[in-house]
Structure formats: structure tokens, C-alpha cells
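Participant: Data: model.txt, compact mmCIF, C-alpha atoms.
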# COMPACT_ATOMS: atom_id res chain seq x y z
CA ASN Q 1 60.81 173.10 125.17
CA LEU Q 2 64.25 172.42 123.78
CA SER Q 3 65.69 175.90 124.15
CA GLY Q 4 64.16 176.78 127.52
CA TYR Q 5 62.91 180.15 126.17
CA SER Q 6 59.31 181.21 125.61
CA ARG Q 7 57.99 182.23 122.19
CA GLU Q 8 57.71 185.79 123.45
CA GLU Q 9 61.41 185.82 124.30
CA LEU Q 10 62.41 184.23 120.99
CA GLU Q 11 60.29 185.46 118.14
CA GLY Q 12 61.48 188.72 116.61
CA LYS Q 13 64.16 189.16 119.27
CA MET Q 14 66.79 186.37 119.31
CA LYS Q 15 69.14 185.11 116.59
CA TRP Q 16 69.59 181.43 115.86
CA THR Q 17 73.34 181.95 116.30
CA SER Q 18 72.72 182.37 120.05
CA PHE Q 19 72.07 178.62 120.30
CA VAL Q 20 75.12 177.39 118.40
CA MET Q 21 78.35 176.45 120.18
CA PRO Q 22 81.43 178.52 119.14
CA GLU Q 23 83.19 175.56 117.50
CA ASP Q 24 80.27 175.06 115.09
CA LEU Q 25 79.29 178.69 114.49
CA PRO Q 26 81.72 179.71 111.67
CA ARG Q 27 80.79 176.65 109.61
CA MET Q 28 77.05 177.23 110.04
CA ILE Q 29 77.28 180.94 109.23
CA GLU Q 30 79.16 180.07 106.04
CA TYR Q 31 76.45 177.53 105.13
CA HIS Q 32 73.83 180.23 105.82
CA ARG Q 33 75.56 182.69 103.50
CA LYS Q 34 76.16 180.24 100.65
CA ARG Q 35 72.65 178.84 100.87
CA ARG Q 36 71.29 182.25 99.84
CA GLU Q 37 73.60 182.35 96.86
CA ASN Q 38 73.08 178.73 95.77
CA PRO Q 39 71.00 176.36 97.93
CA GLU Q 40 72.58 173.34 96.24
CA SER Q 41 76.11 174.33 97.23
CA VAL Q 42 75.83 173.40 100.93
CA PRO Q 43 74.50 170.40 102.86
CA TRP Q 44 70.82 170.52 103.75
CA ARG Q 45 71.38 168.19 106.70
CA TYR Q 46 74.23 168.21 109.19
CA GLU Q 47 75.02 168.03 112.91
CA PHE Q 48 75.94 170.68 115.46
CA HIS Q 49 75.98 171.35 119.21
CA PHE Q 50 72.95 173.21 120.59
CA ARG Q 51 73.19 175.33 123.75
CA CYS Q 52 70.06 175.47 125.91
CA ARG Q 53 69.07 178.33 128.22
CA ASN Q 54 70.28 176.41 131.29
CA GLY Q 55 73.72 175.88 129.72
CA GLU Q 56 73.11 172.25 128.75
CA ILE Q 57 74.70 171.22 125.46
CA ARG Q 58 72.69 168.88 123.21
CA ASP Q 59 73.70 167.10 120.00
CA MET Q 60 71.43 168.09 117.12
CA GLU Q 61 70.81 167.05 113.55
CA VAL Q 62 69.39 169.99 111.59
CA HIS Q 63 67.47 169.93 108.27
CA VAL Q 64 67.48 173.31 106.50
CA VAL Q 65 65.45 174.29 103.41
CA MET Q 66 64.88 177.64 101.72
CA ILE Q 67 61.33 178.96 101.37
CA PRO Q 68 60.83 179.31 97.59
CA GLY Q 69 60.80 182.91 96.35
CA THR Q 70 62.25 184.28 99.60
CA MET Q 71 65.54 184.62 101.41
CA LYS Q 72 64.09 182.85 104.41
CA SER Q 73 64.84 179.33 105.53
CA VAL Q 74 63.19 176.77 107.79
CA ALA Q 75 65.29 174.66 110.14
CA SER Q 76 63.98 171.46 111.73
CA LEU Q 77 66.01 170.05 114.64
CA LEU Q 78 66.25 166.45 115.78
CA ASP Q 79 67.78 165.82 119.20
CA ILE Q 80 70.33 163.02 118.73
CA THR Q 81 72.05 163.37 122.11
CA GLU Q 82 71.10 159.92 123.37
CA ARG Q 83 71.99 158.32 120.07
CA LYS Q 84 75.38 160.02 120.18
CA LYS Q 85 75.96 158.79 123.72
CA ALA Q 86 75.14 155.24 122.62
CA GLU Q 87 77.43 155.55 119.60
CA ASN Q 88 80.26 156.90 121.78
CA ALA Q 89 79.74 154.10 124.31
CA LEU Q 90 79.84 151.56 121.50
CA ARG Q 91 83.03 153.04 120.08
CA GLU Q 92 84.61 153.04 123.52
CA SER Q 93 83.58 149.42 124.04
CA GLU Q 94 84.98 148.48 120.63
CA ARG Q 95 88.20 150.34 121.45
CA ARG Q 96 88.62 148.47 124.74
CA LEU Q 97 87.93 145.16 123.00
CA ALA Q 98 90.45 146.04 120.29
CA ASP Q 99 93.05 146.86 122.98
CA ILE Q 100 92.43 143.51 124.68
CA ILE Q 101 92.77 141.62 121.38
CA ASP Q 102 95.87 143.63 120.49
CA PHE Q 103 97.73 142.58 123.64
CA LEU Q 104 96.77 138.89 123.57
CA PRO Q 105 99.93 136.76 123.43
CA ASP Q 106 98.49 134.48 120.74
CA SER Q 107 98.17 135.70 117.16
CA THR Q 108 94.51 136.70 116.89
CA PHE Q 109 92.28 138.12 114.20
CA ALA Q 110 88.56 138.51 113.58
CA ILE Q 111 86.31 138.83 110.54
CA ASP Q 112 82.76 140.08 110.10
CA ARG Q 113 79.98 138.03 108.52
CA ASN Q 114 81.09 139.25 105.07
CA GLY Q 115 84.60 137.91 105.60
CA ARG Q 116 86.29 141.28 106.10
CA VAL Q 117 89.03 141.61 108.72
CA THR Q 118 87.93 143.63 111.76
CA ALA Q 119 90.84 142.86 114.12
CA TRP Q 120 94.50 141.92 113.54
CA ASN Q 121 96.66 142.03 116.66
CA ARG Q 122 100.37 142.68 117.25
CA ALA Q 123 101.25 139.00 117.56
CA MET Q 124 99.60 138.44 114.17
CA GLU Q 125 101.71 141.24 112.69
CA ILE Q 126 104.86 139.51 113.95
CA MET Q 127 103.80 136.08 112.70
CA THR Q 128 102.71 137.22 109.22
CA GLY Q 129 104.78 140.34 108.63
CA VAL Q 130 101.55 142.16 107.65
CA SER Q 131 100.48 145.24 109.60
CA LYS Q 132 97.03 145.89 111.04
CA GLN Q 133 96.66 148.90 108.73
CA GLU Q 134 97.34 146.75 105.67
CA MET Q 135 94.91 143.97 106.62
CA THR Q 136 91.98 145.64 108.39
CA GLY Q 137 88.94 145.80 106.12
CA ARG Q 138 90.35 143.30 103.62
CA GLY Q 139 88.21 140.36 102.53
CA ASP Q 140 88.07 137.75 99.76
CA TYR Q 141 90.34 135.43 101.82
CA GLU Q 142 93.25 137.90 101.64
CA TYR Q 143 94.10 137.00 105.25
CA ALA Q 144 95.06 133.50 104.03
CA ILE Q 145 97.89 134.79 101.82
CA PRO Q 146 100.40 135.41 104.68
CA PHE Q 147 99.86 131.80 105.77
CA TYR Q 148 99.63 129.84 102.51
CA GLY Q 149 100.66 132.22 99.75
CA LYS Q 150 97.22 132.20 98.13
CA ARG Q 151 93.59 133.07 98.77
CA ARG Q 152 91.73 130.10 100.24
CA PRO Q 153 89.33 129.30 103.08
CA ILE Q 154 91.16 128.76 106.36
CA LEU Q 155 90.02 127.56 109.77
CA ILE Q 156 88.05 130.71 110.60
CA ASP Q 157 85.99 130.20 107.42
CA LEU Q 158 85.28 126.55 108.21
CA ALA Q 159 83.56 127.02 111.56
CA PHE Q 160 80.29 125.68 110.20
CA GLU Q 161 81.72 122.95 107.99
CA LYS Q 162 81.63 119.27 108.86
CA GLU Q 163 84.81 117.85 110.37
CA GLU Q 164 85.36 115.61 107.31
CA VAL Q 165 85.66 118.72 105.11
CA ILE Q 166 88.04 120.44 107.52
CA ALA Q 167 90.17 117.30 107.93
CA GLU Q 168 91.05 117.49 104.24
CA LYS Q 169 92.99 120.70 104.90
CA TYR Q 170 94.21 120.22 108.49
CA ASP Q 171 96.40 117.60 110.19
CA PHE Q 172 94.21 117.45 113.27
CA VAL Q 173 90.73 118.80 113.99
CA ARG Q 174 88.16 118.53 116.75
CA ARG Q 175 85.20 120.42 118.17
CA GLU Q 176 84.78 121.36 121.81
CA GLY Q 177 81.30 122.78 122.29
CA GLY Q 178 81.10 125.85 120.07
CA LEU Q 179 84.86 125.93 119.46
CA LEU Q 180 86.73 124.52 116.48
CA ILE Q 181 90.35 123.46 117.05
CA ALA Q 182 92.87 122.33 114.44
CA GLU Q 183 96.58 122.02 113.65
CA VAL Q 184 98.37 122.57 110.35
CA PHE Q 185 101.71 123.55 108.83
CA ALA Q 186 101.65 127.07 107.35
CA PRO Q 187 104.61 127.51 104.95
CA ASN Q 188 104.53 131.30 104.54
CA VAL Q 189 104.56 132.60 108.12
CA TYR Q 190 107.68 134.12 109.71
CA ASN Q 191 109.02 135.36 106.38
CA CYS Q 192 108.39 132.01 104.64
CA ARG Q 193 110.25 130.04 107.32
CA GLY Q 194 107.00 128.23 108.03
CA ALA Q 195 105.61 126.86 111.28
CA TYR Q 196 103.24 124.31 112.72
CA LEU Q 197 100.23 126.21 114.02
CA TRP Q 198 97.46 125.40 116.48
CA GLY Q 199 94.29 127.40 115.94
CA ILE Q 200 91.01 127.82 117.82
CA VAL Q 201 87.93 129.49 116.33
CA ALA Q 202 84.74 130.83 117.89
CA VAL Q 203 81.72 132.25 116.10
CA LEU Q 204 80.65 135.76 117.18
CA HIS Q 205 77.00 136.72 117.61
CA ASP Q 206 75.26 140.08 117.96
CA SER Q 207 72.78 141.00 120.70
CA SER Q 208 69.96 139.38 118.69
CA GLY Q 209 71.79 136.08 118.40
CA ASN Q 210 72.60 136.54 114.72
CA ILE Q 211 76.04 135.61 113.41
CA ALA Q 212 78.23 138.70 113.37
CA GLY Q 213 81.53 137.09 112.40
CA ALA Q 214 84.23 134.86 113.87
CA ILE Q 215 87.50 135.14 115.77
CA GLU Q 216 90.57 132.91 115.59
CA SER Q 217 93.59 132.65 117.88
CA ILE Q 218 96.71 130.95 116.56
CA ARG Q 219 99.69 129.56 118.46
CA ASP Q 220 103.07 128.46 117.08
CA ILE Q 221 103.58 124.84 118.19
CA SER Q 222 106.67 124.15 116.08
CA GLU Q 223 108.89 123.63 119.15
CA TYR Q 224 106.31 121.32 120.69
CA ARG Q 225 106.21 119.31 117.45
CA ARG Q 226 110.04 119.16 117.38
CA VAL Q 227 110.20 117.88 120.97
CA GLU Q 228 107.36 115.44 120.30
CA LYS Q 229 109.22 114.05 117.27
CA ALA Q 230 112.48 113.77 119.23
CA LEU Q 231 110.64 111.98 122.03
CA ARG Q 232 109.11 109.48 119.59
CA GLU Q 233 112.52 108.83 118.06
CA SER Q 234 114.03 108.39 121.53
CA GLU Q 235 111.23 106.02 122.54
CA ASN Q 236 111.68 104.01 119.34
CA THR Q 237 115.42 103.76 119.98
CA TYR Q 238 114.86 102.78 123.60
CA ARG Q 239 112.25 100.17 122.65
CA ALA Q 240 114.55 98.72 119.97
CA ILE Q 241 117.34 98.35 122.54
CA PHE Q 242 114.92 96.93 125.11
CA GLU Q 243 113.55 94.49 122.54
CA ASN Q 244 116.97 93.25 121.48
CA THR Q 245 118.82 92.79 124.76
CA GLY Q 246 119.33 89.11 123.96
CA SER Q 247 117.60 88.00 127.15
CA ALA Q 248 114.09 87.94 128.62
CA THR Q 249 113.63 91.46 130.02
CA VAL Q 250 110.83 93.30 131.83
CA MET Q 251 110.38 96.75 133.34
CA VAL Q 252 108.70 96.64 136.75
CA GLU Q 253 106.98 99.52 138.59
CA GLU Q 254 107.08 100.14 142.36
CA ASP Q 255 103.97 98.02 142.90
CA MET Q 256 105.72 95.12 141.04
CA ILE Q 257 103.35 95.45 138.05
CA ILE Q 258 105.06 94.72 134.72
CA SER Q 259 104.95 97.87 132.59
CA LEU Q 260 107.04 96.58 129.67
CA ALA Q 261 107.97 93.11 128.47
CA ASN Q 262 110.16 92.21 125.50
CA SER Q 263 109.62 89.37 123.03
CA GLN Q 264 111.97 86.97 124.81
CA TRP Q 265 110.03 87.45 128.07
CA VAL Q 266 106.72 86.89 126.25
CA SER Q 267 108.06 83.67 124.74
CA LEU Q 268 109.47 82.53 128.07
CA SER Q 269 106.36 83.33 130.13
CA GLY Q 270 103.75 82.12 127.68
CA PHE Q 271 101.61 85.26 128.30
CA SER Q 272 101.02 87.93 125.67
CA ARG Q 273 102.03 91.57 126.19
CA GLU Q 274 98.36 92.52 126.46
CA GLU Q 275 97.90 90.06 129.30
CA GLN Q 276 100.97 91.22 131.20
CA GLU Q 277 101.74 94.91 130.70
CA GLY Q 278 99.98 97.02 133.28
CA LYS Q 279 98.16 93.99 134.71
CA MET Q 280 100.40 91.23 136.02
CA LYS Q 281 103.08 91.33 138.72
CA TRP Q 282 106.47 89.78 138.04
CA THR Q 283 105.98 87.80 141.23
CA SER Q 284 103.25 85.83 139.47
Would you write out, as C-alpha cells, the structure that this file holds?
Facilitator:
Amino acid sequence: NLSGYSREELEGKMKWTSFVMPEDLPRMIEYHRKRRENPESVPWRYEFHFRCRNGEIRDMEVHVVMIPGTMKSVASLLDITERKKAENALRESERRLADIIDFLPDSTFAIDRNGRVTAWNRAMEIMTGVSKQEMTGRGDYEYAIPFYGKRRPILIDLAFEKEEVIAEKYDFVRREGGLLIAEVFAPNVYNCRGAYLWGIVAVLHDSSGNIAGAIESIRDISEYRRVEKALRESENTYRAIFENTGSATVMVEEDMIISLANSQWVSLSGFSREEQEGKMKWTS
């Protein structure tokens, strides 16, 4: 059925080598020769490409054993063509996913359920100074070292922890559905220059719904933090000047609503800031 030949055409007439593709034939002939010298010296199970009568090529796994007391052998073939197609499709899918992750602008990495790194993109290489080749397959919290200089759980490891536990290690943390978001200062990134980082983590599941790992994307928000700090300082300076003008002063919007009132105005008007700001018109 597999070969497309009848027993009458095969038995006593054809060689098994007729069904082996040229790229596999030298290896299999060598196995055949060595097996007759020492059966333990060659694999008893391996794969090769089988050529059918109609020219179709099938992937095969062959089990070969010698018949005791003879120079004959018995070969049992298992057609693994469909399995190979599925494996190739899976590898291609994984390759495409790896390419997508690699070109994401945010630093991104993934771990499996045992905590081993399965993805480490180019942006992560730039941020940490550690290459994909160095980090892929590493576990035991080694991926934390480029961030904090030591092995320790980081955001990707805390996806299932309560927010109170995470808050002990991060400046800011919140959940949005199945996502975990946090901010922290990492002293060792960018060649120990350090940076404020924003991270988002999602848990990965397999086709059966079981946890397969997690993925984290990280963004450098140092400039945002710098601008935010400068803005706060500017606002504090502005408010101090506004508060100490020496006269009752208010800021009024286009609709005549009071948006800011200083202490002298509060004392003069008899209304508190809470009663006035954003509620009362100066015309009142």
C-alpha cells in the first residue's frame, strides 16, 4: 500500500535501496554494512525519505533489527509525513512570531512555564547589553541581572501575585483585565546608567488553556519622568508666585468660572477654595 508495488513485483526482485532518496542512501547503506559487523554500533531507529512508485516522497521513521543467527534484518516503517508537516508548520509559526517580537519597538522578552527565556528581542539587547544568544534558554531569574544586578523575581514572574506583593518592589502597579502594568527604576540598564521603566505583562496559554509562560514588554519612560518632574517644579513655582502676589488674585476661564484663587482672595470673599474653584463665577 505504501510503495505502490504488488508483492509479486517486490519479493525476490527489488532492493530496498530503490525506495530511498539519494540524499539518505549513503548513510543508510553504511548503517546496513555496520549493522552486520556490530548491531550495536548503529542506530536501530532513524528517519529517512521514502520514494513511492508514483514519485511521491514520504517521511518515514524506520525501526531495524537483525534476525538472530542470520545476516538478515527486519525493517518496520512508520509514516510520519503528516507529523513532519505539522512540526514544520509549527516551526514556521514560531519563526514568524519570533520575527514579530524581534522587531517590536519596545524591549520584549518571554519565558516558558519553567522560567526559561524563549524570546529576547533587539530592543532588549540594546537596553540590557545582553544578546539573544546569551540569554535564550536561561532561567533561574538570570534575566533580572541586566536590570538589577542580581537574580530576583521581576514583573513577569509576579503576574499571579497580589498587587500588595508587587507594590513592595514597584513604584506603581495596576491590573487591566489580564494585563499587569507597573513602573520601576532599574539601575543596571543602559550600561549601568539606569532608567525608569514601564512594563506590561501578559500570561501565555497553550491550545488547551494551560499556562505556557508569560511575555513582558518594557518601555523607557525616563524622559517622561524628567518632564513630569520639571512640570511639577514649574507648577509649584507658579503656585508660590500666585499665592504670594500680595493682593487678592484669581484665575478666570472663558466662561468666567474661577479656576484658581489665592489665600488673599479666599479671605476677602469668605468662600473656601473648594467652594469656588471650578464652581463659582467671579461675577458672583
Participant: Quick check, in Å to one decimal: how far apart do atom CA of Q:Glu82 and atom CA of Q:Arg51 lie?
Facilitator: 15.6 Å
Participant: Return the single residue from Q:Phe19, Q:Tyr31, Q:Tyr5, Q:Tyr224 that is closest to Q:Tyr46, with distances computed using all atoms listed in the file.
Facilitator: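 Using all atoms listed in the file, the shortest distance to Q:Tyr46 belongs to Q:Tyr31.
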Participant: Looking at all atoms listed in the file, which of Q:Trp282, Q:Phe48, Q:Tyr170, Q:Trp16 is the one that sits closest to Q:Val252?
Facilitator: Q:Trp282
Participant: Using all atoms listed in the file for the distances, tell me which of Q:Ile154, Q:Ile29, Q:Ala110, Q:Leu231 is nearest to Q:Thr17.
Facilitator: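 Residue with the minimum atom-to-atom distance to Q:Thr17: Q:Ile29.
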Participant: If you count all atoms listed in the file, which residues fall within 12 Å of Q:Val266, apart from same-chain ones fewer than 3 positions away, as a count of residues only?
Facilitator: 19
Participant: Taking only C-alpha atoms into account, name the residue in Q:Thr108, Q:Thr128, Q:Ser76, Q:Thr283 that is nearest to Q:Glu61.
Facilitator: Q:Ser76
Participant: Of the residues Q:Ile200, Q:Ala230, Q:Val64, Q:Pro153, which is the one nearest to Q:Phe172, using only C-alpha atoms?
Facilitator: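 Residue with the minimum atom-to-atom distance to Q:Phe172: Q:Ile200.
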Participant: Which residues, written as an MDAnalysis selection string, have at least one atom at most 8 Å from Q:Met71, with all atoms listed in the file counted and residues fewer than 4 positions away on the same chain left out?
Facilitator: chainID Q and resid 36 66:67
